[in-house]
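Text of the file entry-v8.csv, holding CSV, C-alpha atoms:
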chain,number,residue,atom,x,y,z
A,1,MET,CA,1.1,-26.4,22.5
A,2,ARG,CA,0.7,-22.9,23.9
A,3,LEU,CA,4.3,-23.1,25.2
A,4,ILE,CA,5.9,-23.4,21.7
A,5,PRO,CA,4.3,-20.3,20.2
A,6,ALA,CA,5.2,-18.4,23.4
A,7,PHE,CA,8.8,-19.5,23.1
A,8,PHE,CA,9.0,-18.3,19.5
A,9,ARG,CA,7.4,-15.0,20.5
A,10,LEU,CA,10.0,-14.7,23.3
A,11,ILE,CA,12.9,-15.1,20.9
A,12,ARG,CA,11.3,-12.8,18.3
A,13,TRP,CA,11.5,-15.4,15.5
A,14,GLN,CA,10.7,-12.7,12.9
A,15,ASN,CA,13.8,-10.8,13.8
A,16,GLY,CA,15.8,-13.9,13.7
A,17,LEU,CA,14.5,-14.6,10.2
A,18,PHE,CA,15.5,-11.0,9.3
A,19,ILE,CA,19.1,-11.7,10.5
A,20,VAL,CA,19.2,-14.8,8.3
A,21,VAL,CA,18.0,-12.9,5.3
A,22,THR,CA,20.4,-10.1,5.8
A,23,GLN,CA,23.5,-12.3,6.3
A,24,LEU,CA,22.7,-14.7,3.4
A,25,LEU,CA,22.0,-11.8,1.0
A,26,PHE,CA,25.3,-10.2,2.1
A,27,TYR,CA,27.1,-13.4,1.5
A,28,PHE,CA,25.5,-14.4,-1.8
A,29,CYS,CA,24.9,-11.0,-3.4
A,30,ILE,CA,28.0,-9.1,-2.2
A,31,TYR,CA,30.8,-11.4,-1.2
A,32,LYS,CA,30.2,-13.9,-4.0
A,33,ALA,CA,29.7,-11.1,-6.5
A,34,VAL,CA,32.9,-9.3,-5.5
A,35,PHE,CA,35.2,-12.3,-5.1
A,36,LYS,CA,33.5,-14.8,-7.5
A,37,GLY,CA,34.2,-17.5,-5.0
A,38,GLY,CA,32.9,-21.0,-5.0
A,39,GLU,CA,33.8,-22.0,-1.4
A,40,SER,CA,31.8,-24.1,1.0
A,41,LEU,CA,28.8,-22.7,2.9
A,42,HIS,CA,30.2,-24.2,6.2
A,43,GLN,CA,31.5,-20.9,7.7
A,44,VAL,CA,28.6,-18.7,6.7
A,45,THR,CA,26.1,-21.3,8.0
A,46,TRP,CA,27.7,-21.4,11.4
A,47,LEU,CA,28.0,-17.6,11.5
A,48,VAL,CA,24.4,-17.1,10.7
A,49,THR,CA,23.4,-19.7,13.3
A,50,ALA,CA,25.6,-17.9,15.9
A,51,SER,CA,24.1,-14.5,15.1
A,52,VAL,CA,20.5,-15.8,15.4
A,53,LEU,CA,21.3,-17.7,18.7
A,54,ILE,CA,22.9,-14.7,20.3
A,55,ALA,CA,20.2,-12.3,19.2
A,56,SER,CA,17.5,-14.7,20.5
A,57,ALA,CA,19.3,-14.9,23.8
A,58,GLY,CA,19.4,-11.1,23.9
A,59,TYR,CA,15.6,-10.8,23.4
A,60,ILE,CA,15.0,-13.4,26.1
A,61,ILE,CA,17.1,-11.6,28.7
A,62,ASN,CA,15.6,-8.3,27.7
A,63,ASP,CA,12.1,-9.6,28.4
A,64,TYR,CA,13.3,-11.2,31.6
A,65,PHE,CA,14.4,-7.8,33.1
A,66,ASP,CA,11.6,-5.9,31.4
A,67,LEU,CA,8.8,-7.9,32.9
A,68,ASN,CA,7.3,-5.1,34.9
A,69,ILE,CA,7.7,-2.5,32.1
A,70,ASP,CA,6.2,-4.8,29.5
A,71,ARG,CA,3.1,-5.4,31.7
A,72,ILE,CA,2.4,-1.7,31.1
A,73,ASN,CA,3.7,-1.1,27.6
A,74,LYS,CA,2.8,-4.5,26.0
A,75,PRO,CA,0.6,-6.5,28.3
A,76,GLU,CA,-0.9,-8.6,25.4
A,77,LYS,CA,2.6,-9.7,24.3
A,78,ASN,CA,4.0,-10.6,27.7
A,79,VAL,CA,5.3,-14.2,27.9
A,80,VAL,CA,7.6,-14.2,30.9
A,81,ASP,CA,5.9,-15.6,34.0
A,82,SER,CA,2.5,-15.6,32.2
A,83,VAL,CA,3.4,-18.6,30.0
A,84,ILE,CA,7.1,-19.4,30.6
A,85,ASN,CA,8.5,-19.5,34.1
A,86,ARG,CA,11.3,-17.0,34.8
A,87,ARG,CA,13.8,-19.8,35.8
A,88,TRP,CA,13.3,-21.4,32.4
A,89,VAL,CA,13.7,-18.0,30.7
A,90,ILE,CA,17.1,-17.4,32.3
A,91,LEU,CA,18.1,-21.0,31.5
A,92,TRP,CA,17.2,-20.6,27.9
A,93,HIS,CA,19.2,-17.3,27.8
A,94,LEU,CA,22.3,-19.2,29.0
A,95,ILE,CA,21.8,-22.1,26.6
A,96,LEU,CA,21.3,-20.0,23.5
A,97,SER,CA,24.2,-17.6,24.4
A,98,GLY,CA,26.6,-20.5,25.0
A,99,ALA,CA,25.4,-22.2,21.8
A,100,GLY,CA,26.0,-18.9,19.9
A,101,ILE,CA,29.6,-18.6,21.1
A,102,LEU,CA,30.2,-22.3,20.3
A,103,ALA,CA,28.8,-21.8,16.8
A,104,THR,CA,31.1,-18.8,16.3
A,105,ALA,CA,34.1,-20.9,17.3
A,106,ILE,CA,33.1,-23.7,14.9
A,107,ALA,CA,32.8,-21.1,12.1
A,108,VAL,CA,36.1,-19.3,12.5
A,109,SER,CA,38.1,-21.7,14.6
A,110,PHE,CA,40.8,-20.0,16.7
A,111,GLN,CA,42.6,-18.5,13.7
A,112,LYS,CA,40.2,-15.5,14.0
A,113,TRP,CA,39.9,-15.6,17.8
A,114,TYR,CA,39.0,-11.9,17.8
A,115,LEU,CA,35.6,-12.8,16.3
A,116,ILE,CA,34.9,-15.2,19.1
A,117,LEU,CA,35.8,-12.5,21.6
A,118,ALA,CA,33.6,-10.0,19.7
A,119,ASN,CA,30.6,-12.3,19.9
A,120,ILE,CA,31.3,-12.9,23.6
A,121,ALA,CA,31.3,-9.1,23.9
A,122,CYS,CA,27.9,-9.0,22.1
A,123,VAL,CA,26.4,-11.4,24.7
A,124,ILE,CA,27.8,-9.2,27.5
A,125,LEU,CA,26.5,-6.0,25.9
A,126,LEU,CA,23.0,-7.5,25.5
A,127,TRP,CA,23.0,-8.4,29.2
A,128,LEU,CA,24.2,-5.0,30.2
A,129,TYR,CA,21.7,-3.4,27.8
A,130,SER,CA,18.8,-5.3,29.5
A,131,THR,CA,20.0,-4.6,33.0
A,132,SER,CA,21.3,-1.0,32.7
A,133,PHE,CA,22.0,0.6,29.4
A,134,LYS,CA,18.5,0.8,28.0
A,135,ARG,CA,17.4,2.8,31.1
A,136,GLN,CA,20.2,5.4,30.5
A,137,LEU,CA,20.2,8.3,28.1
A,138,LEU,CA,21.0,7.2,24.5
A,139,ILE,CA,23.5,4.5,25.6
A,140,GLY,CA,21.1,1.7,25.0
A,141,ASN,CA,20.1,3.0,21.6
A,142,ILE,CA,23.7,3.2,20.5
A,143,VAL,CA,24.6,-0.3,21.8
A,144,ILE,CA,21.7,-1.8,19.8
A,145,ALA,CA,22.6,0.2,16.7
A,146,VAL,CA,26.2,-1.1,16.9
A,147,LEU,CA,25.1,-4.7,17.4
A,148,THR,CA,22.8,-4.4,14.4
A,149,ALA,CA,25.6,-3.1,12.3
A,150,TRP,CA,27.8,-6.0,13.6
A,151,THR,CA,25.5,-8.6,11.9
A,152,VAL,CA,26.9,-7.3,8.6
A,153,LEU,CA,30.5,-6.6,9.7
A,154,ILE,CA,31.1,-10.0,11.3
A,155,LEU,CA,30.8,-11.6,7.8
A,156,PHE,CA,33.2,-9.0,6.4
A,157,PHE,CA,35.8,-9.7,9.1
A,158,ALA,CA,35.2,-13.4,8.8
A,159,LYS,CA,36.1,-13.3,5.1
A,160,VAL,CA,38.9,-10.7,5.1
A,161,PRO,CA,41.9,-11.0,7.4
A,162,PHE,CA,41.9,-8.1,9.9
A,163,ASP,CA,45.3,-6.8,8.7
A,164,ALA,CA,44.4,-7.1,5.0
A,165,ALA,CA,41.3,-5.0,5.6
A,166,PHE,CA,43.3,-1.9,6.6
A,167,SER,CA,46.8,-2.3,5.2
A,168,SER,CA,47.4,-2.5,1.4
A,169,PRO,CA,44.2,-4.2,0.5
A,170,ASP,CA,43.6,-5.4,-3.1
A,171,ASP,CA,40.8,-3.9,-5.3
A,172,GLU,CA,38.3,-6.6,-4.4
A,173,THR,CA,38.9,-6.1,-0.7
A,174,VAL,CA,38.5,-2.3,-1.1
A,175,LYS,CA,35.2,-2.8,-2.9
A,176,PHE,CA,34.0,-5.4,-0.3
A,177,PHE,CA,35.0,-3.0,2.5
A,178,ARG,CA,33.1,-0.1,1.0
A,179,VAL,CA,29.9,-2.1,0.5
A,180,ALA,CA,30.1,-3.8,3.9
A,181,PHE,CA,30.5,-0.5,5.7
A,182,LEU,CA,27.8,1.1,3.6
A,183,TYR,CA,25.2,-1.4,4.7
A,184,ALA,CA,26.6,-1.4,8.3
A,185,GLY,CA,26.2,2.3,8.3
A,186,PHE,CA,22.6,2.1,7.0
A,187,ALA,CA,21.8,-0.5,9.7
A,188,PHE,CA,23.3,1.7,12.4
A,189,ILE,CA,21.4,4.9,11.5
A,190,ILE,CA,18.0,3.3,10.8
A,191,THR,CA,18.3,1.5,14.1
A,192,ILE,CA,19.1,4.7,15.9
A,193,ILE,CA,16.0,6.2,14.4
A,194,ARG,CA,13.8,3.2,15.3
A,195,GLU,CA,15.1,3.0,18.9
A,196,ALA,CA,14.3,6.7,19.4
A,197,ILE,CA,10.8,6.2,18.0
A,198,LYS,CA,10.3,3.2,20.3
A,199,ASP,CA,11.4,5.2,23.3
A,200,VAL,CA,8.5,7.6,22.7
A,201,GLU,CA,6.1,4.7,22.2
A,202,ASP,CA,7.2,3.1,25.5
A,203,MET,CA,7.2,6.3,27.6
A,204,ALA,CA,4.4,5.2,30.0
A,205,GLY,CA,6.1,2.1,31.3
A,206,ASP,CA,9.6,3.6,31.1
A,207,ARG,CA,8.7,6.6,33.2
A,208,ARG,CA,7.0,4.5,35.9
A,209,TYR,CA,10.2,2.5,36.4
A,210,ASP,CA,12.5,5.5,36.3
A,211,CYS,CA,14.1,5.0,32.9
A,212,LYS,CA,16.2,8.0,31.6
A,213,THR,CA,15.3,7.7,27.9
A,214,LEU,CA,15.5,10.7,25.7
A,215,PRO,CA,11.8,11.6,25.6
A,216,ILE,CA,11.6,11.3,29.4
A,217,VAL,CA,14.7,13.4,30.0
A,218,ALA,CA,14.4,16.0,27.2
A,219,GLY,CA,10.8,15.7,26.1
A,220,VAL,CA,9.0,14.4,23.0
A,221,THR,CA,9.7,17.5,20.9
A,222,ALA,CA,13.5,17.2,21.5
A,223,THR,CA,13.3,13.5,20.6
A,224,LYS,CA,11.6,14.3,17.4
A,225,ILE,CA,14.3,16.9,16.5
A,226,TYR,CA,17.0,14.3,17.3
A,227,THR,CA,15.3,11.7,15.2
A,228,ALA,CA,14.8,14.2,12.3
A,229,VAL,CA,18.5,15.0,12.2
A,230,TRP,CA,19.3,11.3,11.8
A,231,MET,CA,16.7,11.0,9.1
A,232,VAL,CA,18.1,13.9,7.2
A,233,VAL,CA,21.6,12.4,7.4
A,234,LEU,CA,20.4,9.1,6.1
A,235,ILE,CA,18.3,10.6,3.3
A,236,ALA,CA,21.1,12.9,2.2
A,237,ALA,CA,23.6,10.0,2.2
A,238,LEU,CA,21.3,7.9,0.1
A,239,VAL,CA,20.6,10.7,-2.4
A,240,VAL,CA,24.4,11.3,-2.8
A,241,LEU,CA,24.8,7.5,-3.3
A,242,GLN,CA,22.2,7.5,-6.0
A,243,LEU,CA,24.0,10.4,-7.8
A,244,TYR,CA,27.3,8.5,-7.5
A,245,ILE,CA,26.0,5.3,-9.1
A,246,LEU,CA,24.4,7.2,-11.9
A,247,GLN,CA,27.8,6.9,-13.7
A,248,PHE,CA,27.4,3.1,-13.6
A,249,GLN,CA,23.9,3.3,-15.1
A,250,TRP,CA,22.4,1.0,-12.4
A,251,TRP,CA,19.0,2.3,-13.3
A,252,TRP,CA,16.9,-0.4,-11.6
A,253,ALA,CA,18.9,0.0,-8.4
A,254,ILE,CA,18.4,3.7,-8.4
A,255,ILE,CA,14.6,3.4,-9.1
A,256,TYR,CA,14.2,0.8,-6.4
A,257,THR,CA,16.2,2.7,-3.7
A,258,THR,CA,14.3,5.9,-4.5
A,259,VAL,CA,10.8,4.4,-4.4
A,260,CYS,CA,11.3,1.8,-1.7
A,261,VAL,CA,13.8,3.5,0.7
A,262,ILE,CA,14.2,7.2,0.1
A,263,LEU,CA,10.5,8.1,-0.4
A,264,PRO,CA,9.3,6.0,2.6
A,265,LEU,CA,12.0,7.7,4.7
A,266,LEU,CA,10.6,11.1,3.6
A,267,TYR,CA,7.1,9.9,4.5
A,268,LEU,CA,8.5,8.8,7.9
A,269,PHE,CA,10.1,12.2,8.4
A,270,LEU,CA,6.9,14.0,7.7
A,271,GLN,CA,4.7,11.7,9.8
A,272,HIS,CA,6.8,11.5,12.9
A,273,TYR,CA,6.3,15.2,13.5
A,274,LYS,CA,2.5,14.7,13.4
A,275,ALA,CA,2.6,11.6,15.7
A,276,LYS,CA,1.2,12.1,19.2
A,277,SER,CA,-0.2,8.9,20.6
A,278,SER,CA,1.7,5.7,21.4
A,279,LYS,CA,-0.2,3.8,18.6
A,280,GLU,CA,1.0,6.4,16.1
A,281,PHE,CA,4.6,5.9,17.2
A,282,ALA,CA,4.1,2.1,17.1
A,283,ARG,CA,3.1,2.4,13.4
A,284,LEU,CA,6.1,4.5,12.7
A,285,SER,CA,8.3,2.0,14.4
A,286,SER,CA,6.8,-0.7,12.2
A,287,LEU,CA,7.5,1.5,9.1
A,288,THR,CA,11.2,1.7,10.0
A,289,LYS,CA,11.3,-2.1,9.9
A,290,TRP,CA,9.9,-2.2,6.4
A,291,ILE,CA,12.4,0.5,5.3
A,292,THR,CA,15.2,-1.5,6.8
A,293,LEU,CA,14.0,-4.6,5.0
A,294,ALA,CA,13.8,-2.7,1.7
A,295,GLY,CA,17.3,-1.4,2.2
A,296,ILE,CA,18.7,-4.8,2.9
A,297,LEU,CA,17.0,-6.3,-0.1
A,298,SER,CA,18.8,-3.8,-2.3
A,299,MET,CA,21.8,-6.1,-1.9
A,300,ILE,CA,20.3,-8.1,-4.7
A,301,PHE,CA,21.3,-5.4,-7.3
A,302,PHE,CA,25.0,-6.0,-6.5
A,303,ARG,CA,24.5,-9.6,-7.6
A,304,ILE,CA,22.9,-8.3,-10.8
A,305,TYR,CA,25.3,-5.5,-11.7
A,306,LEU,CA,28.7,-6.6,-10.4

What would you get if you wrote out this structure as structure tokens?
Amino acid sequence: MRLIPAFFRLIRWQNGLFIVVTQLLFYFCIYKAVFKGGESLHQVTWLVTASVLIASAGYIINDYFDLNIDRINKPEKNVVDSVINRRWVILWHLILSGAGILATAIAVSFQKWYLILANIACVILLWLYSTSFKRQLLIGNIVIAVLTAWTVLILFFAKVPFDAAFSSPDDETVKFFRVAFLYAGFAFIITIIREAIKDVEDMAGDRRYDCKTLPIVAGVTATKIYTAVWMVVLIAALVVLQLYILQFQWWWAIIYTTVCVILPLLYLFLQHYKAKSSKEFARLSSLTKWITLAGILSMIFFRIYL
């Protein structure tokens, strides 16, 4: 029975659940609110399945190539070779990646072949991230941020024809476009922040295996400044957004976003300058997860107010 918990730890089941919550909230609270549709759940079910499978495969291949680094940074969480043999790990990566592409094809058929190609690109990027990008300056962080944003955008492009999204869209499509890219942008920036914090947390193992992450190349102080800039951008954007929706009198949405997203971001901004140890940065990394969840849960207000 030890094998089953180890497998779920390997695929980061909590993150998979987070993807499911994000995509279902986006579908039910935004898409359905904007278009008032009553269509079947067939497509969204398969797209959610595809996203979880591809993400799980990505976590697996990352742990496969990070075995030596994780023995230093996270020895108590290491699964590869300690519980699950490396050959089984690579096999599960191939199975889950293939199943994710197949699920994408079932969801969109070949009418939207570009989404199948996009998810194939996601699989390739996750492999390259694990083998190369994460050890290079900022490239890995940007790749993960883009892939995180894609979990929202794939549903947008699945529901809106590619040409209709950018050429003479109707009012509903424009509204859907704005909200989709609003949440994709939030996901991108908060992921950039978290990845930079994690780089500082994992410096010990990364330095030993010649990774060129930002804190190793430029130092912890420079990394804190970089992270602070992104925090200021995100906080400023959220404040401006709250001022904009004042005209619609979405009071509960404004209160929720201020208390559960903006104020925690301000706390994160203040605390990350004080952080020095790996444990302190680990706590800040966990805080970004809760801020991300709070941001995603705000989709519920679109269902209420639209």

Give me, as JSON lines, the closest atom pair and its distance (Å, one decimal) for every residue of range 130-157 of chain A within a cut-off of 12 Å of range 281-298 of chain A, counting all atoms listed in the file, rows sorted by chain and rising number.
{"residue": "A:Thr148", "atom": "CA", "partner": "A:Thr292", "partner_atom": "CA", "distance": 11.1}
{"residue": "A:Ala149", "atom": "CA", "partner": "A:Ile296", "partner_atom": "CA", "distance": 11.8}
{"residue": "A:Thr151", "atom": "CA", "partner": "A:Ile296", "partner_atom": "CA", "distance": 11.9}
{"residue": "A:Val152", "atom": "CA", "partner": "A:Ile296", "partner_atom": "CA", "distance": 10.3}

Exercise. Please, which residues are within 10 Å of (24.9, -20.5, 5.5) by the file's coordinates, counting all atoms listed in the file, and could they come as a ChimeraX atom specification?
Worked result: /A:20,23-24,27-28,40-49

- Query: Any idea what's packed within 12 Å of Trp150 in chain A, counting only C-alpha atoms, ignoring anything in its chain fewer than 4 positions away? Could you give it as an NGL selection string?
  - Reply: :A and (19 or 22-23 or 47-48 or 51 or 55 or 115 or 118-119 or 121-122 or 143-146 or 154-158 or 180-181 or 183-188)

Could you build a table of the residues in range 88-134 of chain A lying no more than 9 Å from range 61-66 of chain A, giving for each the nearest pair of atoms and their separation in Å rounded to one decimal place, using only C-alpha atoms, ordered by chain and ascending residue number, as a Markdown table?
| residue | atom | partner | partner_atom | distance |
| --- | --- | --- | --- | --- |
| A:Val89 | CA | A:Tyr64 | CA | 6.9 |
| A:Ile90 | CA | A:Ile61 | CA | 6.8 |
| A:His93 | CA | A:Ile61 | CA | 6.1 |
| A:Leu126 | CA | A:Asn62 | CA | 7.8 |
| A:Trp127 | CA | A:Ile61 | CA | 6.7 |
| A:Tyr129 | CA | A:Asn62 | CA | 7.8 |
| A:Ser130 | CA | A:Asn62 | CA | 4.7 |
| A:Thr131 | CA | A:Phe65 | CA | 6.5 |

So that I can see what lies close to Ser97 in chain A, please list as an NGL selection string the residues with an atom at most 8 Å from it, counting only C-alpha atoms and leaving out residues fewer than 4 positions away in the same chain.
:A and (53-54 or 57 or 93 or 101 or 123)

Which value, in Å to one decimal, gives the distance between CA of Thr258 in chain A and CA of Lys276 in chain A?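 CA of Lys276 in chain A lies 27.8 Å from CA of Thr258 in chain A.
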
In terms of only C-alpha atoms, the residue from A:Trp250, A:Ile235, A:Glu195, A:Lys279 at minimal distance from Phe302 in chain A is A:Trp250

Set the distance at 12 Å and use all atoms listed in the file: which residues neighbour range 202-213 of chain A once local chain neighbours fewer than 4 positions away are removed? I'd like the list as a PDB file with C-alpha atoms, in the coordinates of the input.
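result-v7.pdb, written as the output of this step:
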ATOM      1  CA  PHE A  65      14.400  -7.800  33.100  1.00  0.00           C
ATOM      2  CA  ASP A  66      11.600  -5.900  31.400  1.00  0.00           C
ATOM      3  CA  LEU A  67       8.800  -7.900  32.900  1.00  0.00           C
ATOM      4  CA  ASN A  68       7.300  -5.100  34.900  1.00  0.00           C
ATOM      5  CA  ILE A  69       7.700  -2.500  32.100  1.00  0.00           C
ATOM      6  CA  ASP A  70       6.200  -4.800  29.500  1.00  0.00           C
ATOM      7  CA  ARG A  71       3.100  -5.400  31.700  1.00  0.00           C
ATOM      8  CA  ILE A  72       2.400  -1.700  31.100  1.00  0.00           C
ATOM      9  CA  ASN A  73       3.700  -1.100  27.600  1.00  0.00           C
ATOM     10  CA  LYS A  74       2.800  -4.500  26.000  1.00  0.00           C
ATOM     11  CA  PRO A  75       0.600  -6.500  28.300  1.00  0.00           C
ATOM     12  CA  SER A 130      18.800  -5.300  29.500  1.00  0.00           C
ATOM     13  CA  THR A 131      20.000  -4.600  33.000  1.00  0.00           C
ATOM     14  CA  SER A 132      21.300  -1.000  32.700  1.00  0.00           C
ATOM     15  CA  PHE A 133      22.000   0.600  29.400  1.00  0.00           C
ATOM     16  CA  LYS A 134      18.500   0.800  28.000  1.00  0.00           C
ATOM     17  CA  ARG A 135      17.400   2.800  31.100  1.00  0.00           C
ATOM     18  CA  GLN A 136      20.200   5.400  30.500  1.00  0.00           C
ATOM     19  CA  LEU A 137      20.200   8.300  28.100  1.00  0.00           C
ATOM     20  CA  LEU A 138      21.000   7.200  24.500  1.00  0.00           C
ATOM     21  CA  ILE A 139      23.500   4.500  25.600  1.00  0.00           C
ATOM     22  CA  GLY A 140      21.100   1.700  25.000  1.00  0.00           C
ATOM     23  CA  ASN A 141      20.100   3.000  21.600  1.00  0.00           C
ATOM     24  CA  GLU A 195      15.100   3.000  18.900  1.00  0.00           C
ATOM     25  CA  ALA A 196      14.300   6.700  19.400  1.00  0.00           C
ATOM     26  CA  ILE A 197      10.800   6.200  18.000  1.00  0.00           C
ATOM     27  CA  LYS A 198      10.300   3.200  20.300  1.00  0.00           C
ATOM     28  CA  VAL A 217      14.700  13.400  30.000  1.00  0.00           C
ATOM     29  CA  ALA A 218      14.400  16.000  27.200  1.00  0.00           C
ATOM     30  CA  GLY A 219      10.800  15.700  26.100  1.00  0.00           C
ATOM     31  CA  VAL A 220       9.000  14.400  23.000  1.00  0.00           C
ATOM     32  CA  ALA A 222      13.500  17.200  21.500  1.00  0.00           C
ATOM     33  CA  THR A 223      13.300  13.500  20.600  1.00  0.00           C
ATOM     34  CA  LYS A 276       1.200  12.100  19.200  1.00  0.00           C
ATOM     35  CA  SER A 277      -0.200   8.900  20.600  1.00  0.00           C
ATOM     36  CA  SER A 278       1.700   5.700  21.400  1.00  0.00           C
ATOM     37  CA  LYS A 279      -0.200   3.800  18.600  1.00  0.00           C
ATOM     38  CA  GLU A 280       1.000   6.400  16.100  1.00  0.00           C
ATOM     39  CA  PHE A 281       4.600   5.900  17.200  1.00  0.00           C
ATOM     40  CA  ALA A 282       4.100   2.100  17.100  1.00  0.00           C
ATOM     41  CA  SER A 285       8.300   2.000  14.400  1.00  0.00           C
TER      42      SER A 285
END

Nearest to Tyr267 in chain A, restricted to only C-alpha atoms and choosing among A:Ala50, A:Val108, A:Leu125, A:Met231, comes out as A:Met231

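In terms of minimum interatomic distance to Tyr273 in chain A, A:Ile225 ranks closest within A:Ile142, A:Leu17, A:Ile216, A:Ile225, counting all atoms listed in the file.
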
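Coordinates place CA of Ile193 in chain A at a distance of 26.1 Å from CA of Ile120 in chain A.
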
- Hey, which of A:Val174, A:Trp251, A:Asn85, A:Trp230 ends up closest to Ile304 in chain A? Count all atoms listed in the file.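 Nearest candidate to Ile304 in chain A out of A:Val174, A:Trp251, A:Asn85, A:Trp230: A:Trp251.
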
In Å and to one decimal, CA of Trp252 in chain A is distant from CA of Phe301 in chain A by 7.9 Å

For Lys32 in chain A, the closest of A:Thr191, A:Glu172, A:Ala228, A:Ile4 counting only C-alpha atoms is A:Glu172
